file start_16.csv (CSV, C-alpha atoms)
chain,number,residue,atom,x,y,z
V,1,MET,CA,50.6,-85.7,-109.0
V,2,ASN,CA,54.3,-86.4,-108.4
V,3,VAL,CA,56.1,-86.6,-105.2
V,4,LEU,CA,57.5,-83.1,-105.4
V,5,SER,CA,54.1,-81.6,-105.9
V,6,ARG,CA,52.7,-83.4,-102.9
V,7,LEU,CA,55.7,-82.3,-100.8
V,8,ALA,CA,55.3,-78.7,-101.8
V,9,THR,CA,51.6,-78.8,-101.0
V,10,VAL,CA,52.3,-80.3,-97.6
V,11,PHE,CA,55.1,-77.8,-97.0
V,12,VAL,CA,52.8,-74.9,-97.9
V,13,ALA,CA,50.1,-76.2,-95.7
V,14,PHE,CA,52.6,-76.7,-92.8
V,15,ALA,CA,54.0,-73.2,-93.2
V,16,ALA,CA,50.5,-71.8,-93.2
V,17,VAL,CA,49.8,-73.6,-90.0
V,18,VAL,CA,53.0,-72.4,-88.5
V,19,VAL,CA,52.5,-68.8,-89.5
V,20,GLY,CA,48.9,-68.8,-88.4
V,21,GLY,CA,49.8,-70.2,-84.9
V,22,VAL,CA,52.6,-67.8,-84.3
V,23,ALA,CA,50.6,-64.7,-85.3
V,24,PRO,CA,47.8,-65.3,-82.8
V,25,ALA,CA,50.4,-66.0,-80.1
V,26,GLY,CA,52.1,-62.7,-80.7
V,27,ALA,CA,48.9,-61.0,-80.8
V,28,GLN,CA,48.1,-62.4,-77.4
V,29,ASP,CA,51.4,-61.0,-75.9
V,30,ALA,CA,50.6,-57.5,-77.1
V,31,GLN,CA,48.7,-55.2,-74.7
V,32,PRO,CA,45.1,-54.7,-75.7
V,33,ALA,CA,44.2,-51.2,-76.8
V,34,ALA,CA,42.5,-49.0,-74.0
V,35,ALA,CA,38.8,-49.0,-74.2
V,36,PRO,CA,37.3,-45.5,-74.7
V,37,ALA,CA,36.3,-43.8,-71.4
V,38,ALA,CA,32.6,-43.9,-70.6
V,39,PRO,CA,30.9,-40.5,-70.6
V,40,ARG,CA,30.5,-39.0,-67.0
V,41,PRO,CA,27.0,-38.8,-65.9
V,42,ALA,CA,25.6,-35.4,-65.6
V,43,ALA,CA,25.6,-33.8,-62.1
V,44,PRO,CA,22.2,-34.0,-60.4
V,45,PRO,CA,20.4,-30.7,-60.2
V,46,ALA,CA,21.2,-28.7,-57.1
V,47,MET,CA,18.7,-28.9,-54.3
V,48,SER,CA,16.6,-25.8,-54.1
V,49,THR,CA,16.6,-23.9,-50.7
V,50,GLN,CA,13.1,-22.5,-51.5
V,51,PRO,CA,10.2,-24.3,-49.9
V,52,ALA,CA,8.2,-26.5,-52.1
V,53,TYR,CA,5.2,-24.4,-51.3
V,54,PRO,CA,4.8,-20.6,-50.7
V,55,PRO,CA,4.8,-19.6,-46.9
V,56,ARG,CA,1.4,-19.3,-45.2
V,57,SER,CA,1.8,-15.5,-45.2
V,58,ALA,CA,1.7,-15.6,-49.0
V,59,TYR,CA,-1.9,-16.8,-49.0
V,60,PRO,CA,-4.6,-14.2,-48.5
V,61,PRO,CA,-6.6,-14.6,-45.2
V,62,PRO,CA,-9.7,-16.7,-45.6
V,63,ARG,CA,-12.9,-14.7,-46.3
V,64,TYR,CA,-16.2,-15.4,-44.9
V,65,GLU,CA,-18.3,-16.5,-47.8
V,66,SER,CA,-21.7,-16.8,-46.1
V,67,PRO,CA,-24.5,-15.8,-48.4
V,68,TYR,CA,-25.9,-13.9,-45.4
V,69,GLY,CA,-22.9,-11.7,-44.9
V,70,PRO,CA,-20.4,-11.5,-42.0
V,71,PRO,CA,-21.7,-12.3,-38.5
V,72,PRO,CA,-22.6,-9.3,-36.2
V,73,PRO,CA,-20.0,-8.2,-33.6
V,74,TYR,CA,-20.2,-10.0,-30.3
V,75,ALA,CA,-22.0,-8.3,-27.5
V,76,PRO,CA,-22.9,-9.5,-24.0
V,77,PRO,CA,-26.4,-10.8,-23.6
V,78,PRO,CA,-29.0,-8.3,-22.3
V,79,GLY,CA,-28.8,-7.6,-18.5
V,80,TYR,CA,-25.2,-8.9,-18.3
V,81,TRP,CA,-22.4,-6.6,-17.2
V,82,PRO,CA,-18.8,-7.7,-17.4
V,83,PRO,CA,-17.2,-8.2,-14.0
V,84,VAL,CA,-15.6,-5.1,-12.5
V,85,TYR,CA,-12.1,-5.4,-10.9
V,86,ASN,CA,-12.4,-5.0,-7.2
V,87,PRO,CA,-9.0,-4.2,-5.6
V,88,GLY,CA,-10.4,-5.1,-2.1
V,89,ALA,CA,-10.8,-3.0,0.9
V,90,ALA,CA,-8.4,-0.1,1.3
V,91,GLU,CA,-6.0,0.0,4.1
V,92,ASN,CA,-7.2,2.0,7.1
V,93,VAL,CA,-6.0,5.5,6.9
V,94,HIS,CA,-6.9,8.8,8.6
V,95,ASP,CA,-8.4,11.2,6.1
V,96,GLY,CA,-11.7,13.1,5.7
V,97,LEU,CA,-13.9,14.0,8.6
V,98,PHE,CA,-12.5,13.7,12.1
V,99,LEU,CA,-14.6,13.2,15.2
V,100,ARG,CA,-13.1,12.2,18.6
V,101,LEU,CA,-15.0,11.7,21.8
V,102,HIS,CA,-13.2,10.9,25.1
V,103,VAL,CA,-14.2,10.2,28.7
V,104,GLY,CA,-12.1,9.2,31.6
V,105,ALA,CA,-10.9,9.8,35.2
V,106,GLY,CA,-8.0,11.8,36.6
V,107,TYR,CA,-6.8,14.2,39.2
V,108,THR,CA,-7.4,18.0,38.9
V,109,SER,CA,-6.0,20.8,40.9
V,110,VAL,CA,-6.6,24.6,40.8
V,111,SER,CA,-5.0,27.1,43.2
V,112,ALA,CA,-4.3,30.8,43.7
V,113,THR,CA,-2.6,33.0,46.2
V,114,PRO,CA,-4.4,36.3,46.6
V,115,ARG,CA,-2.2,39.3,47.5
V,116,TYR,CA,-3.7,39.8,51.0
V,117,SER,CA,-4.5,36.3,52.1
V,118,GLY,CA,-3.2,32.8,52.1
V,119,GLN,CA,-3.5,30.2,49.3
V,120,THR,CA,-6.9,29.0,48.1
V,121,LYS,CA,-6.9,25.5,46.5
V,122,PHE,CA,-9.4,23.0,45.1
V,123,SER,CA,-8.3,19.5,44.2
V,124,GLY,CA,-9.4,15.9,43.9
V,125,GLY,CA,-10.4,13.1,41.6
V,126,SER,CA,-12.1,14.3,38.5
V,127,LEU,CA,-14.3,13.2,35.6
V,128,ASN,CA,-12.7,14.3,32.3
V,129,LEU,CA,-14.7,14.8,29.1
V,130,GLY,CA,-13.9,16.0,25.7
V,131,LEU,CA,-15.0,16.4,22.1
V,132,ALA,CA,-12.9,17.2,19.0
V,133,LEU,CA,-14.1,17.9,15.5
V,134,GLY,CA,-12.1,18.7,12.4
V,135,GLY,CA,-10.7,17.1,9.3
V,136,ALA,CA,-7.5,15.8,7.7
V,137,VAL,CA,-5.3,18.3,5.9
V,138,ALA,CA,-3.0,15.4,4.8
V,139,GLU,CA,-3.0,11.7,5.3
V,140,ASN,CA,-2.8,11.0,9.1
V,141,LEU,CA,-2.5,14.8,9.9
V,142,ILE,CA,-5.6,16.3,11.5
V,143,VAL,CA,-6.6,19.9,12.3
V,144,PHE,CA,-9.4,20.1,14.9
V,145,GLY,CA,-11.3,22.3,17.3
V,146,ASN,CA,-12.1,20.9,20.7
V,147,LEU,CA,-14.0,21.3,24.0
V,148,PHE,CA,-12.8,19.6,27.2
V,149,LEU,CA,-13.8,19.7,30.9
V,150,ALA,CA,-12.6,18.4,34.2
V,151,ALA,CA,-15.2,18.3,36.9
V,152,VAL,CA,-14.3,17.6,40.6
V,153,ASP,CA,-17.2,16.8,42.9
V,154,ARG,CA,-16.7,17.4,46.6
V,155,PRO,CA,-13.1,18.7,46.1
V,156,ASP,CA,-10.6,19.1,48.9
V,157,SER,CA,-10.7,22.8,49.7
V,158,THR,CA,-8.3,25.2,51.3
V,159,GLN,CA,-9.5,28.7,51.4
V,160,MET,CA,-7.4,31.8,52.3
V,161,GLY,CA,-4.8,29.7,54.0
V,162,GLY,CA,-7.3,28.0,56.4
V,163,PRO,CA,-7.6,24.3,57.2
V,164,SER,CA,-8.3,21.8,54.4
V,165,SER,CA,-11.9,20.5,54.2
V,166,SER,CA,-14.3,19.0,51.7
V,167,LEU,CA,-16.3,21.5,49.8
V,168,ASP,CA,-20.0,20.9,49.6
V,169,GLY,CA,-20.0,21.7,45.9
V,170,SER,CA,-18.0,21.2,42.7
V,171,ALA,CA,-15.1,22.7,40.9
V,172,PHE,CA,-14.7,22.9,37.1
V,173,LEU,CA,-11.7,23.5,34.9
V,174,GLY,CA,-12.4,23.6,31.1
V,175,GLY,CA,-11.6,25.2,27.8
V,176,PHE,CA,-12.0,25.2,24.1
V,177,GLY,CA,-9.2,25.5,21.5
V,178,LEU,CA,-7.6,24.6,18.3
V,179,GLY,CA,-5.2,21.7,17.8
V,180,LEU,CA,-3.3,19.2,15.7
V,181,ALA,CA,-3.3,15.4,15.8
V,182,TYR,CA,-0.9,13.1,14.1
V,183,TYR,CA,-1.3,9.4,13.7
V,184,ILE,CA,1.7,7.1,13.5
V,185,MET,CA,0.7,4.3,11.2
V,186,PRO,CA,0.3,1.4,11.0
V,187,ALA,CA,0.5,1.4,14.8
V,188,ASN,CA,-2.4,3.8,15.0
V,189,VAL,CA,-0.8,5.7,17.8
V,190,TYR,CA,-1.6,9.4,17.9
V,191,LEU,CA,-0.1,12.6,19.4
V,192,SER,CA,-2.5,15.5,19.9
V,193,ALA,CA,-1.8,19.1,21.1
V,194,ALA,CA,-4.1,22.1,21.4
V,195,LEU,CA,-3.9,25.7,22.6
V,196,ALA,CA,-7.1,26.7,24.4
V,197,ALA,CA,-9.0,29.5,26.2
V,198,MET,CA,-9.4,28.2,29.8
V,199,SER,CA,-11.6,29.1,32.7
V,200,PHE,CA,-12.3,27.9,36.3
V,201,SER,CA,-15.2,28.1,38.7
V,202,ALA,CA,-16.1,26.7,42.1
V,203,SER,CA,-19.7,26.6,43.4
V,204,ASP,CA,-21.6,25.1,46.3
V,205,ASP,CA,-24.5,22.8,46.3
V,206,TYR,CA,-26.9,25.7,46.2
V,207,GLY,CA,-25.5,26.9,42.9
V,208,ARG,CA,-23.7,29.9,44.4
V,209,THR,CA,-20.4,30.7,42.7
V,210,LEU,CA,-17.7,30.9,45.2
V,211,TYR,CA,-14.7,31.6,42.9
V,212,ALA,CA,-14.4,32.1,39.2
V,213,SER,CA,-11.8,33.2,36.7
V,214,ASN,CA,-11.7,35.2,33.5
V,215,ALA,CA,-10.7,33.4,30.3
V,216,GLY,CA,-7.1,32.5,30.4
V,217,VAL,CA,-4.7,30.5,28.2
V,218,GLY,CA,-4.1,26.8,28.5
V,219,PHE,CA,-2.6,23.7,26.8
V,220,GLN,CA,-4.0,20.3,26.3
V,221,GLY,CA,-1.8,17.4,25.3
V,222,MET,CA,-2.8,13.8,24.6
V,223,ILE,CA,-1.0,10.6,23.5
V,224,GLY,CA,-3.1,7.5,22.7
V,225,LYS,CA,-3.4,4.2,20.9
V,226,GLU,CA,-6.5,3.1,19.0
V,227,TRP,CA,-7.7,-0.2,17.4
V,228,TRP,CA,-9.8,-0.3,14.3
V,229,VAL,CA,-13.3,-1.7,14.8
V,230,SER,CA,-14.4,-0.8,11.3
V,231,SER,CA,-13.0,1.0,8.2
V,232,GLU,CA,-13.8,4.3,9.9
V,233,TRP,CA,-14.1,3.8,13.7
V,234,GLY,CA,-11.3,3.3,16.2
V,235,LEU,CA,-11.5,2.7,19.9
V,236,GLY,CA,-8.6,3.1,22.3
V,237,LEU,CA,-7.0,4.6,25.4
V,238,ALA,CA,-5.2,7.8,25.9
V,239,GLY,CA,-3.4,9.9,28.5
V,240,GLU,CA,-4.2,13.6,28.9
V,241,MET,CA,-2.5,16.5,30.6
V,242,VAL,CA,-3.9,20.0,30.9
V,243,PHE,CA,-2.3,23.2,32.1
V,244,ALA,CA,-3.9,26.6,32.5
V,245,SER,CA,-3.3,30.1,33.8
V,246,MET,CA,-6.2,32.5,34.4
V,247,LYS,CA,-6.9,35.8,36.1
V,248,ASP,CA,-9.4,35.9,38.9
V,249,ARG,CA,-12.7,37.4,37.8
V,250,ASP,CA,-13.0,39.8,40.8
V,251,ASP,CA,-9.3,40.5,41.5
V,252,SER,CA,-7.1,40.9,38.5
V,253,SER,CA,-4.0,40.7,40.7
V,254,THR,CA,-4.8,37.1,41.5
V,255,THR,CA,-3.9,34.4,39.1
V,256,TRP,CA,-5.3,30.9,39.2
V,257,GLY,CA,-3.1,28.0,38.0
V,258,GLY,CA,-4.7,24.8,37.0
V,259,SER,CA,-3.6,21.3,36.0
V,260,SER,CA,-5.3,18.0,35.3
V,261,PHE,CA,-3.9,14.5,34.5
V,262,SER,CA,-6.2,11.7,33.3
V,263,ILE,CA,-6.6,8.4,31.6
V,264,LEU,CA,-9.2,8.4,28.9
V,265,PHE,CA,-11.3,6.0,26.8
V,266,SER,CA,-11.4,7.4,23.3
V,267,SER,CA,-13.6,6.8,20.3
V,268,THR,CA,-12.6,8.3,16.9
V,269,PHE,CA,-14.4,8.5,13.5
V,270,ASN,CA,-12.0,9.2,10.7

call {"tool": "encode", "arguments": {"input": "start_16.csv", "output": "structure tokens"}}
result
Amino acid sequence: MNVLSRLATVFVAFAAVVVGGVAPAGAQDAQPAAAPAAPRPAAPPAMSTQPAYPPRSAYPPPRYESPYGPPPPYAPPPGYWPPVYNPGAAENVHDGLFLRLHVGAGYTSVSATPRYSGQTKFSGGSLNLGLALGGAVAENLIVFGNLFLAAVDRPDSTQMGGPSSSLDGSAFLGGFGLGLAYYIMPANVYLSAALAAMSFSASDDYGRTLYASNAGVGFQGMIGKEWWVSSEWGLGLAGEMVFASMKDRDDSSTTWGGSSFSILFSSTFN
């Protein structure tokens, strides 16, 4: 090989080296092509709002599967009675049967002035008794019939305007009538009033009647306070006043006027 051939071979090799080195450098300066976008992952499935299991109400109620059938209904054992509600004792009220007894002491006076003589009068400390029997027509309102009596032993006596002396005998003022009583609760204070047929008599120790009246008209009034000692019985104190006007039995022109005031012990069933 001659010199020219060798030079040409070297030149070609050199040019190839130059061209090969420049091309990679230029390639490095160029921007690399964008990589293809990765596919987006699929969205996760939406969370369900329904419960994972059906609600309890969706299940049928459990059934008794005993081979002997369902149990019998419950019943209390023999001889056992369920407890009965007891509201307790009722508050004391006045209703139903009414019975009142009273006894006490007071002052009683009966007098008259005959047409042709002076005043005749009997007066003194008295024993006062009474009984009333009836029933309630409404709660705390009582209708009753009653008997009552004022008895004066050895009364001060003035006869036909003469001097005053002690009578060896007794005088009586009494009556029977129909009345109303009303209890103010819970104080258990009562007011009682009755219209009555009244009479008067005076007699000596030998049983001879000295003076007497026909039946007249009278009024009995009471006010009292009682305390319960049981669900039906009450005990208490009362004040009584009685007024009466009566014609003389033998002289219709003569009118006897009577009055009595007393403090009583009372016992009432109602």

call {"tool": "atom_distance", "arguments": {"input": "start_16.csv", "atom1": "CA of Arg249 in chain V", "atom2": "CA of Ser170 in chain V"}}
result
17.7 Å

call {"tool": "closest_atom_pairs", "arguments": {"input": "start_16.csv", "of": "range 143-205 of chain V", "to": "range 118-124 of chain V", "cutoff": "8 Å", "atoms": "only C-alpha atoms", "output": "Markdown table"}}
result
| residue | atom | partner | partner_atom | distance |
| --- | --- | --- | --- | --- |
| V:Val152 | CA | V:Gly124 | CA | 6.1 |
| V:Asp153 | CA | V:Gly124 | CA | 7.9 |
| V:Arg154 | CA | V:Gly124 | CA | 7.9 |
| V:Pro155 | CA | V:Gly124 | CA | 5.1 |
| V:Asp156 | CA | V:Ser123 | CA | 5.2 |
| V:Ser157 | CA | V:Phe122 | CA | 4.8 |
| V:Thr158 | CA | V:Lys121 | CA | 5.0 |
| V:Gln159 | CA | V:Thr120 | CA | 4.2 |
| V:Met160 | CA | V:Gly118 | CA | 4.3 |
| V:Gly161 | CA | V:Gly118 | CA | 4.0 |
| V:Gly162 | CA | V:Gly118 | CA | 7.6 |
| V:Ala171 | CA | V:Phe122 | CA | 7.1 |

call {"tool": "closest_residue", "arguments": {"input": "start_16.csv", "among": "V:Val93, V:Ala181, V:Ala187, V:Leu210", "to": "Leu167 in chain V", "atoms": "all atoms listed in the file"}}
result
V:Leu210

call {"tool": "closest_residue", "arguments": {"input": "start_16.csv", "among": "V:Tyr211, V:Trp227, V:Phe219, V:Tyr182", "to": "Pro114 in chain V", "atoms": "all atoms listed in the file"}}
result
V:Tyr211

call {"tool": "closest_residue", "arguments": {"input": "start_16.csv", "among": "V:Val143, V:Ala150, V:Leu191, V:Val217", "to": "Phe261 in chain V", "atoms": "only C-alpha atoms"}}
result
V:Ala150

call {"tool": "atom_distance", "arguments": {"input": "start_16.csv", "atom1": "CA of His102 in chain V", "atom2": "CA of Phe269 in chain V"}}
result
11.9 Å

call {"tool": "closest_residue", "arguments": {"input": "start_16.csv", "among": "V:Glu139, V:Tyr107, V:Pro73, V:Leu147", "to": "Asp95 in chain V", "atoms": "only C-alpha atoms"}}
result
V:Glu139

call {"tool": "closest_residue", "arguments": {"input": "start_16.csv", "among": "V:Ser262, V:Ser166, V:Ser203, V:Asn270", "to": "Gly221 in chain V", "atoms": "all atoms listed in the file"}}
result
V:Ser262

call {"tool": "residues_around", "arguments": {"input": "start_16.csv", "residues": "Gly96 in chain V", "least_positions_apart": "2", "cutoff": "8 Å", "atoms": "only C-alpha atoms", "output": "MDAnalysis selection string"}}
result
chainID V and resid 94 98 135:136 270

call {"tool": "closest_residue", "arguments": {"input": "start_16.csv", "among": "V:Val110, V:Ala151, V:Leu237, V:Ala212", "to": "Asp250 in chain V", "atoms": "all atoms listed in the file"}}
result
V:Ala212

call {"tool": "atom_distance", "arguments": {"input": "start_16.csv", "atom1": "CA of Ala194 in chain V", "atom2": "CA of Glu232 in chain V"}}
result
23.3 Å
